[in-house]
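Enquirer: Provided herewith: model.tsv, TSV, C-alpha atoms.
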```tsv
chain	number	residue	atom	x	y	z
B	76	MET	CA	0.00	0.00	0.00
B	77	GLU	CA	2.80	2.43	0.89
B	78	LYS	CA	4.51	1.76	-2.43
B	79	ILE	CA	1.49	2.71	-4.52
B	80	GLU	CA	0.70	5.71	-2.31
B	81	GLN	CA	4.24	6.96	-2.80
B	82	SER	CA	3.92	6.57	-6.56
B	83	ILE	CA	0.59	8.38	-6.92
B	84	GLY	CA	1.55	11.05	-4.40
B	85	TYR	CA	-1.40	10.56	-2.07
B	86	THR	CA	-1.66	8.82	1.32
B	87	PHE	CA	-5.05	7.34	2.11
B	88	GLN	CA	-6.68	7.75	5.51
B	89	LYS	CA	-9.04	4.88	4.67
B	90	LYS	CA	-6.82	2.12	3.28
B	91	ASN	CA	-9.88	-0.01	2.48
B	92	LEU	CA	-10.85	2.51	-0.22
B	93	LEU	CA	-7.51	2.04	-1.95
B	94	LYS	CA	-7.85	-1.74	-1.75
B	95	GLN	CA	-11.37	-1.61	-3.18
B	96	ALA	CA	-10.19	0.61	-6.05
B	97	LEU	CA	-7.71	-2.12	-7.01
B	98	THR	CA	-10.17	-5.02	-6.60
B	99	HIS	CA	-11.29	-6.43	-9.94
B	100	THR	CA	-14.72	-8.12	-10.22
B	101	SER	CA	-13.06	-11.54	-10.67
B	102	TYR	CA	-11.33	-11.28	-7.27
B	103	ALA	CA	-14.38	-9.74	-5.61
B	104	TYR	CA	-16.56	-12.64	-6.80
B	105	GLU	CA	-14.13	-15.29	-5.54
B	106	ASN	CA	-13.70	-13.62	-2.15
B	107	LYS	CA	-17.21	-12.20	-1.61
B	108	LEU	CA	-15.97	-8.59	-1.56
B	109	GLU	CA	-17.09	-5.39	-3.24
B	110	SER	CA	-15.32	-4.74	-6.55
B	111	ASN	CA	-14.11	-1.43	-7.96
B	112	GLU	CA	-16.99	-1.14	-10.48
B	113	LYS	CA	-18.96	1.52	-8.57
B	114	LEU	CA	-15.78	3.50	-7.96
B	115	GLU	CA	-15.03	3.34	-11.71
B	116	PHE	CA	-18.48	4.79	-12.41
B	117	LEU	CA	-17.86	7.72	-10.05
B	118	GLY	CA	-14.26	8.19	-11.19
B	119	ASP	CA	-15.32	8.45	-14.83
B	120	SER	CA	-17.62	11.41	-14.05
B	121	ILE	CA	-15.02	13.14	-11.86
B	122	LEU	CA	-12.39	12.75	-14.58
B	123	GLU	CA	-14.67	14.34	-17.19
B	124	PHE	CA	-15.50	17.23	-14.86
B	125	ILE	CA	-11.90	17.98	-13.81
B	126	SER	CA	-10.54	17.74	-17.36
B	127	SER	CA	-13.39	19.99	-18.64
B	128	LYS	CA	-12.67	22.56	-15.91
B	129	TYR	CA	-8.94	22.49	-16.68
B	130	LEU	CA	-9.55	23.00	-20.41
B	131	TYR	CA	-12.02	25.84	-19.76
B	132	LYS	CA	-9.61	27.62	-17.43
B	133	ASN	CA	-6.30	27.07	-19.24
B	134	TYR	CA	-7.26	27.09	-22.94
B	135	PRO	CA	-9.64	30.08	-23.34
B	136	LYS	CA	-9.08	30.24	-27.11
B	137	LEU	CA	-10.52	26.77	-27.72
B	138	LYS	CA	-14.10	26.63	-28.99
B	139	GLU	CA	-16.67	24.37	-27.35
B	140	GLY	CA	-16.39	21.72	-30.08
B	141	GLU	CA	-12.60	21.78	-29.86
B	142	MET	CA	-12.68	21.35	-26.07
B	143	THR	CA	-14.97	18.34	-26.55
B	144	LYS	CA	-12.52	16.83	-29.04
B	145	VAL	CA	-9.53	17.38	-26.75
B	146	ARG	CA	-11.35	15.87	-23.78
B	147	ALA	CA	-12.39	12.82	-25.83
B	148	THR	CA	-8.77	12.35	-26.94
B	149	VAL	CA	-7.45	12.54	-23.39
B	150	VAL	CA	-10.21	10.88	-21.35
B	151	CYS	CA	-9.91	7.49	-23.02
B	152	GLU	CA	-8.60	4.01	-22.34
B	153	LYS	CA	-5.24	4.69	-24.01
B	154	SER	CA	-4.41	7.68	-21.76
B	155	LEU	CA	-5.62	5.96	-18.60
B	156	TYR	CA	-3.63	2.85	-19.49
B	157	LYS	CA	-0.48	5.02	-19.71
B	158	ILE	CA	-1.16	6.37	-16.21
B	159	ALA	CA	-1.64	2.83	-14.85
B	160	LYS	CA	1.65	1.71	-16.44
B	161	LYS	CA	3.47	4.79	-15.13
B	162	HIS	CA	2.46	3.91	-11.56
B	163	ASN	CA	2.82	0.11	-11.99
B	164	PHE	CA	-0.82	-0.58	-11.10
B	165	SER	CA	-0.45	-4.11	-12.52
B	166	GLU	CA	1.65	-5.01	-9.46
B	167	PHE	CA	-1.11	-4.04	-7.04
B	168	LEU	CA	-4.33	-5.30	-8.69
B	169	TYR	CA	-6.42	-7.91	-6.90
B	170	LEU	CA	-7.45	-10.36	-9.63
B	171	GLY	CA	-9.27	-13.68	-9.60
B	172	LYS	CA	-7.23	-16.83	-10.30
B	173	SER	CA	-8.49	-17.35	-13.86
B	174	GLU	CA	-8.13	-13.65	-14.75
B	175	LYS	CA	-4.56	-13.73	-13.44
B	176	LYS	CA	-3.75	-16.82	-15.51
B	177	MET	CA	-5.00	-15.02	-18.63
B	178	GLY	CA	-2.69	-12.06	-17.94
B	179	GLY	CA	-5.45	-9.74	-16.77
B	180	GLN	CA	-2.98	-7.55	-14.89
B	181	GLU	CA	-1.69	-6.28	-18.25
B	182	ARG	CA	-5.06	-5.85	-19.99
B	183	PRO	CA	-5.49	-2.18	-21.00
B	184	ALA	CA	-9.21	-2.13	-20.12
B	185	ILE	CA	-8.63	-3.47	-16.60
B	186	LEU	CA	-5.74	-1.08	-15.96
B	187	ALA	CA	-7.65	1.92	-17.35
B	188	ASP	CA	-10.65	1.07	-15.17
B	189	SER	CA	-8.42	0.88	-12.09
B	190	VAL	CA	-7.27	4.47	-12.72
B	191	GLU	CA	-10.89	5.69	-12.73
B	192	ALA	CA	-11.49	3.76	-9.51
B	193	ILE	CA	-8.39	5.31	-7.88
B	194	ILE	CA	-9.64	8.77	-8.87
B	195	ALA	CA	-12.96	8.11	-7.10
B	196	ALA	CA	-11.16	6.66	-4.06
B	197	ILE	CA	-8.96	9.75	-3.72
B	198	PHE	CA	-12.06	11.96	-4.02
B	199	LEU	CA	-13.96	10.04	-1.32
B	200	ASP	CA	-10.94	9.95	0.97
B	201	GLY	CA	-9.38	13.39	0.50
B	202	GLY	CA	-11.75	15.60	-1.46
B	203	ILE	CA	-11.76	17.34	-4.83
B	204	GLU	CA	-8.46	19.25	-4.50
B	205	GLU	CA	-6.35	16.13	-4.02
B	206	THR	CA	-8.25	14.43	-6.85
B	207	GLU	CA	-7.65	17.38	-9.17
B	208	LYS	CA	-3.96	17.35	-8.30
B	209	PHE	CA	-3.64	13.65	-9.24
B	210	ILE	CA	-5.59	14.02	-12.50
B	211	ILE	CA	-3.82	17.14	-13.77
B	212	GLU	CA	-0.34	15.93	-12.82
B	213	ASN	CA	-0.94	12.80	-14.86
B	214	LEU	CA	-2.84	14.27	-17.81
B	215	LYS	CA	-1.57	17.81	-18.40
B	216	GLU	CA	1.03	16.70	-20.98
B	217	GLU	CA	-1.57	14.63	-22.86
B	218	ILE	CA	-3.95	17.60	-22.80
B	219	GLU	CA	-1.25	19.96	-24.10
B	220	MET	CA	-0.45	17.57	-26.94
B	221	ALA	CA	-4.12	17.09	-27.82
B	222	THR	CA	-4.74	20.85	-28.01
B	223	LYS	CA	-1.97	21.17	-30.61
B	224	HIS	CA	-3.70	18.66	-32.88
B	225	VAL	CA	-7.30	19.65	-32.25
B	226	GLY	CA	-7.64	21.16	-35.71
B	227	ASP	CA	-6.57	17.96	-37.42
B	228	ARG	CA	-9.22	16.09	-39.41
B	229	ASP	CA	-10.52	12.93	-37.80
B	230	TYR	CA	-9.50	9.47	-39.01
B	231	LYS	CA	-12.90	8.67	-40.59
B	232	THR	CA	-12.72	11.80	-42.77
B	233	VAL	CA	-9.10	11.13	-43.79
B	234	LEU	CA	-9.92	7.49	-44.64
B	235	GLN	CA	-12.91	8.50	-46.74
B	236	GLU	CA	-10.88	11.07	-48.67
B	237	LYS	CA	-8.07	8.57	-49.26
B	238	LEU	CA	-10.39	5.84	-50.55
B	239	GLN	CA	-12.36	8.25	-52.73
B	240	GLU	CA	-9.21	8.88	-54.73
B	241	GLN	CA	-10.09	5.57	-56.42
B	242	GLY	CA	-13.54	6.83	-57.49
B	243	GLU	CA	-16.93	5.98	-56.03
B	244	VAL	CA	-16.62	3.95	-52.86
B	245	LYS	CA	-18.92	2.45	-50.26
B	246	ILE	CA	-17.48	2.70	-46.73
B	247	GLU	CA	-19.41	1.01	-43.93
B	248	TYR	CA	-18.88	0.96	-40.17
B	249	GLU	CA	-20.44	-1.78	-38.08
B	250	ILE	CA	-20.39	-2.60	-34.36
B	251	ILE	CA	-19.59	-6.33	-34.24
B	252	LYS	CA	-19.27	-6.81	-30.48
B	253	GLU	CA	-20.17	-5.07	-27.23
B	254	GLN	CA	-19.45	-6.28	-23.72
B	255	GLY	CA	-19.35	-5.11	-20.13
B	256	PRO	CA	-21.89	-3.47	-17.80
B	257	ASP	CA	-23.99	-0.51	-19.00
B	258	HIS	CA	-21.80	2.09	-17.27
B	259	ASN	CA	-18.60	0.60	-18.69
B	260	LYS	CA	-19.30	-0.82	-22.15
B	261	GLN	CA	-16.54	-1.89	-24.52
B	262	PHE	CA	-17.33	-1.82	-28.25
B	263	GLU	CA	-15.60	-3.44	-31.22
B	264	ALA	CA	-16.21	-2.04	-34.71
B	265	GLN	CA	-15.12	-2.97	-38.21
B	266	VAL	CA	-14.81	-0.79	-41.27
B	267	SER	CA	-15.48	-2.18	-44.76
B	268	PHE	CA	-14.61	-0.78	-48.17
B	269	ASN	CA	-16.83	-2.00	-51.04
B	270	GLY	CA	-17.68	-5.10	-48.99
B	271	LYS	CA	-14.08	-5.89	-48.00
B	272	ILE	CA	-13.16	-5.63	-44.29
B	273	LEU	CA	-10.24	-3.21	-43.86
B	274	ALA	CA	-9.72	-3.17	-40.09
B	275	LYS	CA	-11.26	-3.53	-36.65
B	276	GLY	CA	-10.99	-1.24	-33.63
B	277	GLU	CA	-12.14	-0.99	-30.02
B	278	GLY	CA	-13.38	1.81	-27.80
B	279	LYS	CA	-15.53	2.76	-24.83
B	280	SER	CA	-18.16	4.25	-27.15
B	281	LYS	CA	-19.38	3.33	-30.65
B	282	LYS	CA	-17.82	6.54	-31.99
B	283	GLU	CA	-14.45	5.73	-30.39
B	284	ALA	CA	-14.58	2.18	-31.82
B	285	HIS	CA	-15.37	3.55	-35.32
B	286	MET	CA	-12.49	6.01	-35.06
B	287	SER	CA	-10.10	3.30	-33.89
B	288	ALA	CA	-11.10	1.07	-36.83
B	289	ALA	CA	-10.57	3.97	-39.28
B	290	LYS	CA	-7.14	4.72	-37.78
B	291	LYS	CA	-6.06	1.08	-38.13
B	292	ALA	CA	-7.38	0.98	-41.70
B	293	LEU	CA	-5.23	4.00	-42.58
B	294	GLU	CA	-2.19	2.33	-41.00
B	295	ASN	CA	-2.87	-0.85	-43.02
B	296	LEU	CA	-3.24	1.12	-46.27
B	297	LYS	CA	0.20	2.70	-45.73
```
Mind converting the file's structure to structure tokens?
Expert:
Amino acid sequence: MEKIEQSIGYTFQKKNLLKQALTHTSYAYENKLESNEKLEFLGDSILEFISSKYLYKNYPKLKEGEMTKVRATVVCEKSLYKIAKKHNFSEFLYLGKSEKKMGGQERPAILADSVEAIIAAIFLDGGIEETEKFIIENLKEEIEMATKHVGDRDYKTVLQEKLQEQGEVKIEYEIIKEQGPDHNKQFEAQVSFNGKILAKGEGKSKKEAHMSAAKKALENLK
């Protein structure tokens, strides 16, 4: 516990909150404990609020649509996974036996979810200021980078323009899989070009999954 507290820069008064934040559903089920799912739900909302506030305060020249784009770029599985790796969350997760065997401690979705849960735990234990400190310290560089590219066209638009160089094309996006509880869905999408599947992608929303598939399709076309 001390090791992770040292890494994240916050010492918990209620150590049980920290333990719960790191308790995956697989471990909770096996040991009849409460998992970190409800903390994830709360942490997700806090993360959106703090990042929105930070953008509003520090980037006054950004328009509303641009702030939304930046936030979507930053508040995503990829960014949260980076935070989890930075603080070695995989070492501290409580996972069920089968999940552990399957390498769950390195799964991006599990690690990203644990960051949201930690955010909620810090908020419940120490209040909004400590939570804000943790979020901004870990995301300000990602936010800065995202603001520099906010004017860039999105992957779906770039893919469409690239494929249209060949004449009339039919590009289709389809959600082929969705899993997880309602508050924490994971979607998988595929993009097809004239009936041929180009790529698949994943995301926490249908839009994010579509964008991920388009990005991978562009990488494959290169």
Enquirer: Which one of B:Lys144, B:Lys153, B:Lys175, B:Lys223 sits closest to Glu277 of chain B if you count all atoms listed in the file?
Expert: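 Closest residue, counting all atoms listed in the file: B:Lys153.
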Enquirer: Quick one: everything within 12 Å of segment 213-219 of chain B, counting all atoms listed in the file, minus sequence neighbours fewer than 2 positions away in the same chain. Send it as a ChimeraX atom specification.
Expert: /B:82-84,122-123,125-127,129-131,133-134,141-151,153-162,190,194,206-211,221-225
Enquirer: Suppose you want the space between atom CA of Ser173 of chain B and atom CA of Leu97 of chain B; what is it in Å?
Expert: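 Value for the atom CA of Ser173 of chain B-atom CA of Leu97 of chain B distance: 16.7 Å.
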Enquirer: Tell me, in Å to one decimal, how far atom CA of Lys113 of chain B is from atom CA of Leu168 of chain B.
Expert: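 Atom-to-atom, atom CA of Lys113 of chain B to atom CA of Leu168 of chain B, that is 16.1 Å.
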Enquirer: Pull the neighbourhood of (-13.2, 1.5, -9.9) for me: all residues within 9 Å in file coordinates, counting only C-alpha atoms, as a list in words.
Expert: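 Applying the cut-off with only C-alpha atoms, one gets Gln95, Ala96, Leu97, Thr98, His99, Ser110, Asn111, Glu112, Lys113, Leu114, Glu115, Phe116, Leu117, Gly118, Asp119, Asp188, Ser189, Val190, Glu191, Ala192, Ile193, Ile194, Ala195 and Ala196 of chain B.
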